[in-house]
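K.L.:
So here's data-v7.cif (mmCIF, C-alpha atoms).
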data_model
#
loop_
_atom_site.label_atom_id
_atom_site.label_comp_id
_atom_site.auth_asym_id
_atom_site.auth_seq_id
_atom_site.Cartn_x
_atom_site.Cartn_y
_atom_site.Cartn_z
CA ALA A 1 6.88 7.25 19.59
CA GLN A 2 10.07 5.63 18.42
CA SER A 3 12.40 7.18 15.85
CA VAL A 4 15.68 6.39 14.11
CA THR A 5 18.24 8.82 12.75
CA GLN A 6 20.96 7.96 10.29
CA PRO A 7 23.03 11.15 10.07
CA ASP A 8 24.95 10.22 6.92
CA ILE A 9 22.94 10.15 3.70
CA HIS A 10 25.89 9.09 1.54
CA ILE A 11 29.25 7.56 2.35
CA THR A 12 32.00 6.83 -0.16
CA VAL A 13 34.67 4.35 0.83
CA SER A 14 37.56 2.72 -1.00
CA GLU A 15 37.52 -1.02 -1.48
CA GLY A 16 39.43 -2.65 1.35
CA ALA A 17 38.94 0.26 3.71
CA SER A 18 36.89 0.10 6.88
CA LEU A 19 33.29 1.27 7.06
CA GLU A 20 31.20 2.65 9.90
CA LEU A 21 27.56 3.67 9.56
CA ARG A 22 25.94 5.65 12.34
CA CYS A 23 22.52 5.05 13.82
CA ASN A 24 20.80 6.79 16.72
CA TYR A 25 17.43 5.69 18.02
CA SER A 26 14.75 6.92 20.36
CA TYR A 27 12.53 4.38 22.09
CA GLY A 28 11.02 4.37 25.54
CA ALA A 29 11.57 0.72 26.34
CA THR A 30 14.17 -1.95 25.70
CA PRO A 31 14.99 -1.54 22.01
CA TYR A 32 15.00 -4.28 19.44
CA LEU A 33 17.52 -3.04 16.88
CA PHE A 34 18.20 -4.14 13.34
CA TRP A 35 20.37 -3.34 10.35
CA TYR A 36 19.05 -4.14 6.89
CA VAL A 37 20.70 -3.82 3.49
CA GLN A 38 18.89 -3.06 0.25
CA SER A 39 20.49 -3.49 -3.15
CA PRO A 40 18.96 -1.76 -6.19
CA GLY A 41 15.64 -3.34 -7.12
CA GLN A 42 15.80 -5.75 -4.21
CA GLY A 43 13.95 -6.16 -0.96
CA LEU A 44 15.49 -5.71 2.45
CA GLN A 45 17.93 -8.29 3.78
CA LEU A 46 18.65 -8.54 7.49
CA LEU A 47 22.33 -8.08 8.34
CA LEU A 48 22.11 -8.39 12.11
CA LYS A 49 19.91 -7.76 15.12
CA TYR A 50 20.22 -6.89 18.80
CA PHE A 51 17.68 -7.94 21.39
CA SER A 52 19.70 -8.27 24.60
CA GLY A 53 22.94 -9.62 25.98
CA ASP A 54 26.33 -8.96 24.46
CA THR A 55 26.39 -5.43 23.09
CA LEU A 56 28.63 -6.37 20.17
CA VAL A 57 26.69 -8.43 17.66
CA GLN A 58 27.98 -10.23 14.62
CA GLY A 59 26.04 -10.47 11.40
CA ILE A 60 26.29 -11.79 7.90
CA LYS A 61 28.77 -10.66 5.25
CA GLY A 62 31.38 -9.73 7.88
CA PHE A 63 29.33 -6.93 9.48
CA GLU A 64 29.12 -6.19 13.18
CA ALA A 65 27.30 -3.60 15.26
CA GLU A 66 27.70 -2.25 18.76
CA PHE A 67 24.80 -1.25 20.99
CA LYS A 68 25.56 1.67 23.32
CA ARG A 69 22.62 2.39 25.57
CA SER A 70 24.18 5.55 27.04
CA GLN A 71 24.48 7.06 23.57
CA SER A 72 21.29 5.53 22.13
CA SER A 73 23.39 4.30 19.25
CA PHE A 74 23.71 1.13 17.22
CA ASN A 75 26.53 1.73 14.74
CA LEU A 76 27.35 -0.75 11.99
CA ARG A 77 30.94 -1.59 11.07
CA LYS A 78 32.89 -3.65 8.60
CA PRO A 79 36.71 -3.90 8.75
CA SER A 80 37.30 -4.27 5.01
CA VAL A 81 34.73 -3.30 2.40
CA HIS A 82 34.17 -5.24 -0.82
CA TRP A 83 32.74 -3.75 -4.01
CA SER A 84 29.62 -5.88 -3.49
CA ASP A 85 28.87 -3.95 -0.29
CA ALA A 86 27.71 -0.97 -2.34
CA ALA A 87 24.05 -0.65 -1.37
CA GLU A 88 21.69 1.26 0.89
CA TYR A 89 21.73 0.44 4.58
CA PHE A 90 18.84 0.95 6.96
CA CYS A 91 18.83 0.92 10.73
CA ALA A 92 15.53 0.06 12.38
CA VAL A 93 14.00 -0.19 15.83
CA GLY A 94 11.22 -2.66 16.54
CA THR A 95 8.38 -2.20 18.98
CA SER A 96 7.56 -4.78 21.60
CA LYS A 97 5.66 -7.96 20.77
CA ALA A 98 2.57 -6.52 22.45
CA ALA A 99 2.81 -3.46 20.21
CA GLY A 100 3.03 -5.60 17.12
CA ASN A 101 6.77 -5.80 16.53
CA LYS A 102 6.48 -2.98 14.01
CA LEU A 103 9.66 -1.61 12.54
CA THR A 104 10.57 2.08 12.38
CA PHE A 105 13.37 2.74 9.91
CA GLY A 106 15.91 5.48 9.55
CA GLY A 107 16.28 7.35 6.31
CA GLY A 108 19.09 5.12 5.12
CA THR A 109 22.75 5.57 4.21
CA ARG A 110 23.84 4.94 0.65
CA VAL A 111 27.31 3.40 0.46
CA LEU A 112 29.43 3.85 -2.65
CA VAL A 113 32.59 1.75 -3.01
CA LYS A 114 35.51 3.12 -5.01
CA PRO A 115 37.84 0.62 -6.69
CA ASP B 1 9.59 -22.21 0.24
CA THR B 2 11.53 -19.45 -1.44
CA GLY B 3 10.49 -16.56 0.78
CA VAL B 4 8.01 -13.71 0.57
CA SER B 5 6.73 -13.00 -2.93
CA GLN B 6 4.94 -9.93 -4.24
CA ASN B 7 3.06 -9.34 -7.45
CA PRO B 8 3.24 -7.44 -9.63
CA ARG B 9 6.81 -6.21 -9.28
CA HIS B 10 6.03 -3.04 -11.19
CA LYS B 11 2.78 -1.22 -11.82
CA ILE B 12 2.25 1.92 -13.87
CA THR B 13 -1.17 3.49 -13.70
CA LYS B 14 -2.93 6.73 -14.46
CA ARG B 15 -4.14 9.03 -11.73
CA GLY B 16 -7.61 8.10 -10.59
CA GLN B 17 -7.33 4.39 -11.37
CA ASN B 18 -7.54 1.63 -8.80
CA VAL B 19 -4.67 -0.79 -8.23
CA THR B 20 -4.27 -3.97 -6.22
CA PHE B 21 -1.09 -5.63 -5.03
CA ARG B 22 -0.66 -9.14 -3.71
CA CYS B 23 1.71 -10.52 -1.09
CA ASP B 24 2.35 -14.19 -0.41
CA PRO B 25 4.18 -14.63 2.90
CA ILE B 26 6.34 -17.53 4.01
CA SER B 27 3.84 -20.31 4.49
CA GLU B 28 4.02 -20.87 8.24
CA HIS B 29 4.18 -17.17 9.13
CA ASN B 30 1.13 -15.87 10.96
CA ARG B 31 1.96 -12.16 10.94
CA LEU B 32 2.10 -10.02 7.81
CA TYR B 33 3.12 -6.38 7.44
CA TRP B 34 2.83 -3.75 4.74
CA TYR B 35 5.32 -0.89 4.46
CA ARG B 36 5.68 1.96 1.97
CA GLN B 37 9.03 3.31 0.81
CA THR B 38 9.26 6.55 -1.14
CA LEU B 39 12.36 7.50 -3.10
CA GLY B 40 15.31 8.27 -0.87
CA GLN B 41 13.51 7.35 2.33
CA GLY B 42 13.32 4.38 4.64
CA PRO B 43 10.24 2.16 4.69
CA GLU B 44 7.26 3.35 6.73
CA PHE B 45 4.80 1.06 8.46
CA LEU B 46 1.29 0.96 6.97
CA THR B 47 -0.57 -1.95 8.55
CA TYR B 48 -0.23 -5.48 9.88
CA PHE B 49 -2.23 -8.68 10.27
CA GLN B 50 -2.15 -11.46 12.79
CA ASN B 51 -3.63 -14.36 10.84
CA GLU B 52 -6.69 -12.83 9.15
CA ALA B 53 -7.20 -10.02 11.66
CA GLN B 54 -5.97 -6.55 10.80
CA LEU B 55 -4.61 -5.34 14.13
CA GLU B 56 -3.29 -1.89 13.36
CA LYS B 57 -3.38 0.73 10.62
CA SER B 58 -1.02 3.67 10.40
CA ARG B 59 -2.38 7.18 9.96
CA LEU B 60 -0.52 7.03 6.62
CA LEU B 61 -3.21 4.63 5.42
CA SER B 62 -5.89 6.96 4.10
CA ASP B 63 -9.45 5.90 3.35
CA ARG B 64 -8.40 5.17 -0.23
CA PHE B 65 -6.24 2.29 1.00
CA SER B 66 -7.60 -1.05 2.07
CA ALA B 67 -5.80 -4.25 2.97
CA GLU B 68 -7.12 -7.74 3.48
CA ARG B 69 -5.85 -11.14 4.46
CA PRO B 70 -8.99 -13.23 4.03
CA LYS B 71 -7.75 -16.69 4.97
CA GLY B 72 -4.71 -15.76 6.97
CA SER B 73 -2.38 -16.58 4.09
CA PHE B 74 -1.86 -14.13 1.22
CA SER B 75 -2.74 -10.46 1.54
CA THR B 76 -3.88 -7.78 -0.86
CA LEU B 77 -3.41 -4.03 -0.70
CA GLU B 78 -5.78 -1.95 -2.79
CA ILE B 79 -5.45 1.73 -3.55
CA GLN B 80 -8.52 3.45 -4.94
CA ARG B 81 -8.44 6.65 -6.99
CA THR B 82 -4.65 6.72 -7.10
CA GLU B 83 -2.81 10.01 -6.77
CA GLN B 84 0.70 10.92 -7.86
CA GLY B 85 1.74 10.98 -4.21
CA ASP B 86 1.00 7.27 -4.01
CA SER B 87 4.01 6.55 -6.22
CA ALA B 88 6.31 4.44 -4.05
CA MET B 89 7.65 0.98 -3.39
CA TYR B 90 5.19 -1.12 -1.40
CA LEU B 91 6.93 -3.75 0.70
CA CYS B 92 5.44 -6.76 2.37
CA ALA B 93 7.05 -8.65 5.24
CA SER B 94 6.10 -11.69 7.27
CA THR B 95 7.15 -13.32 10.50
CA LEU B 96 6.16 -16.05 12.90
CA ALA B 97 4.94 -14.28 16.01
CA GLY B 98 5.53 -16.45 19.03
CA SER B 99 7.00 -16.26 22.46
CA SER B 100 10.22 -14.68 21.25
CA TYR B 101 10.90 -11.81 18.91
CA ASN B 102 11.37 -13.05 15.38
CA GLU B 103 12.76 -11.14 12.44
CA GLN B 104 10.62 -9.96 9.59
CA PHE B 105 11.37 -11.33 6.14
CA PHE B 106 10.77 -8.89 3.31
CA GLY B 107 9.55 -9.44 -0.20
CA PRO B 108 11.07 -7.70 -3.24
CA GLY B 109 8.36 -5.05 -3.28
CA THR B 110 5.91 -3.66 -5.82
CA ARG B 111 6.97 -0.40 -7.38
CA LEU B 112 3.97 1.81 -8.19
CA THR B 113 4.21 4.72 -10.58
CA VAL B 114 1.18 6.99 -10.89
CA LEU B 115 1.20 9.18 -13.98
#
Show how you would write the structure in this file as structure tokens.

P.N.:
Amino acid sequence: AQSVTQPDIHITVSEGASLELRCNYSYGATPYLFWYVQSPGQGLQLLLKYFSGDTLVQGIKGFEAEFKRSQSSFNLRKPSVHWSDAAEYFCAVGTSKAAGNKLTFGGGTRVLVKP
Amino acid sequence: DTGVSQNPRHKITKRGQNVTFRCDPISEHNRLYWYRQTLGQGPEFLTYFQNEAQLEKSRLLSDRFSAERPKGSFSTLEIQRTEQGDSAMYLCASTLAGSSYNEQFFGPGTRLTVL
């Protein structure tokens, strides 16, 4: 069965500083990988996704992520954080289409932004 | 179309009562998912539908839970004889399942509190 680990429960970063959120996954086949963001009281918004091809993927709001198969990782980065980036971030792995494209999420990383 | 909608947004009930939640997916989406998110955790898959057919149920979905999607459009999730452990955010997502892998779009969720 697939699983996702986000080692950092909380991260505090100063506004304007860079941000990196870690994600490790376990999945027996080609992974479909996602990063979602959830603001308080809101649903999940997709930041970016990786299916195949270029291992560095660009997303919305200035985020990018790099897929490293050898490390089973899909870390999320942003060069300069804005106060509005304070939220909870979830990494997820999706099963194949035949298995229903179900998502398995990590436990999330809460990002706090200091002024 | 403004996206996936869920009603009610909040529900407070007493232990032992029955509750029902509704999800309206994006209109052309043929696949609908239910997830549950407890405080401080990532969402966990509960069940999904392809049109009106319920194709998979997680072991998390006890006999007290039932989900339907009678006409392949909106879906309902009913919990009978609620328990305090059912307190969570219930998220609905939809997608158009086709030849390629498509992202899931999430609704804002229904927050259930069982007293």

K.L.:
Compute the set of chain B residues within 12 Å of chain A, using only C-alpha atoms, and express it as a VMD selection string.

P.N.:
chain B and resid 3 to 6 9 to 10 31 to 50 54 to 58 89 to 111

K.L.:
Any chance you could work out the residue set of the PyMOL selection byres ((chain A and resi 16-31) around 6) here, as a VMD selection string?

P.N.:
chain A and resid 2 to 6 14 to 15 32 to 33 72 to 81

K.L.:
Would you kindly identify which residues have an atom no farther than 6 Å from (25.0, -6.3, 4.2), using only C-alpha atoms and the file's own coordinates, and write them out as a list in words?

P.N.:
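I get Val37, Leu47 and Lys61 of chain A for the residues within 6 Å of that point.
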
K.L.:
Just the number, please: distance in Å from CA of Glu64 (chain A) to CA of Pro115 (chain A), one decimal.

P.N.:
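Between CA of Glu64 (chain A) and CA of Pro115 (chain A) the gap is 22.7 Å.
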
K.L.:
For the file shown, what are the residues hit by the PyMOL selection byres ((chain B and resi 12) around 10), laid out as a compact mmCIF listing (two decimals) with C-alpha atoms, in the coordinates of the input?

P.N.:
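So the final result, stored in part.txt, reads:
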# COMPACT_ATOMS: atom_id res chain seq x y z
CA HIS B 10 6.03 -3.04 -11.19
CA LYS B 11 2.78 -1.22 -11.82
CA THR B 13 -1.17 3.49 -13.70
CA LYS B 14 -2.93 6.73 -14.46
CA ARG B 15 -4.14 9.03 -11.73
CA VAL B 19 -4.67 -0.79 -8.23
CA SER B 87 4.01 6.55 -6.22
CA ARG B 111 6.97 -0.40 -7.38
CA LEU B 112 3.97 1.81 -8.19
CA THR B 113 4.21 4.72 -10.58
CA VAL B 114 1.18 6.99 -10.89
CA LEU B 115 1.20 9.18 -13.98

K.L.:
Fewer than 5 positions away in the same chain doesn't count, so skip those; otherwise give me all residues within 6 Å of Glu78 (chain B), counting all atoms listed in the file, as a ChimeraX atom specification.

P.N.:
/B:19-20,65-66

K.L.:
Quick one: apply the PyMOL selection byres ((chain B and resi 18) around 6) to the file and drop the selected residues here as a PyMOL selection string.

P.N.:
chain B and resi 17+19+79-81

K.L.:
Which distance in Å separates CA of Asp86 (chain B) and CA of Ser27 (chain B), to one decimal?

P.N.:
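Straight-line distance from CA of Asp86 (chain B) to CA of Ser27 (chain B) works out to 29.0 Å.
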
K.L.:
For the atom pair CA of Glu28 (chain B) and CA of Tyr36 (chain A), what is the interatomic distance in Å to one decimal place?

P.N.:
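Interatomic distance, CA of Glu28 (chain B) to CA of Tyr36 (chain A): 22.5 Å.
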
K.L.:
Quick one: what's the axis-aligned box for region 8-21 of chain A, all listed atoms, 5 Å on every side, centre and edges in Å to one decimal, as JSON?

P.N.:
{"center_x": 31.2, "center_y": 3.8, "center_z": 4.2, "size_x": 26.5, "size_y": 22.9, "size_z": 21.4}
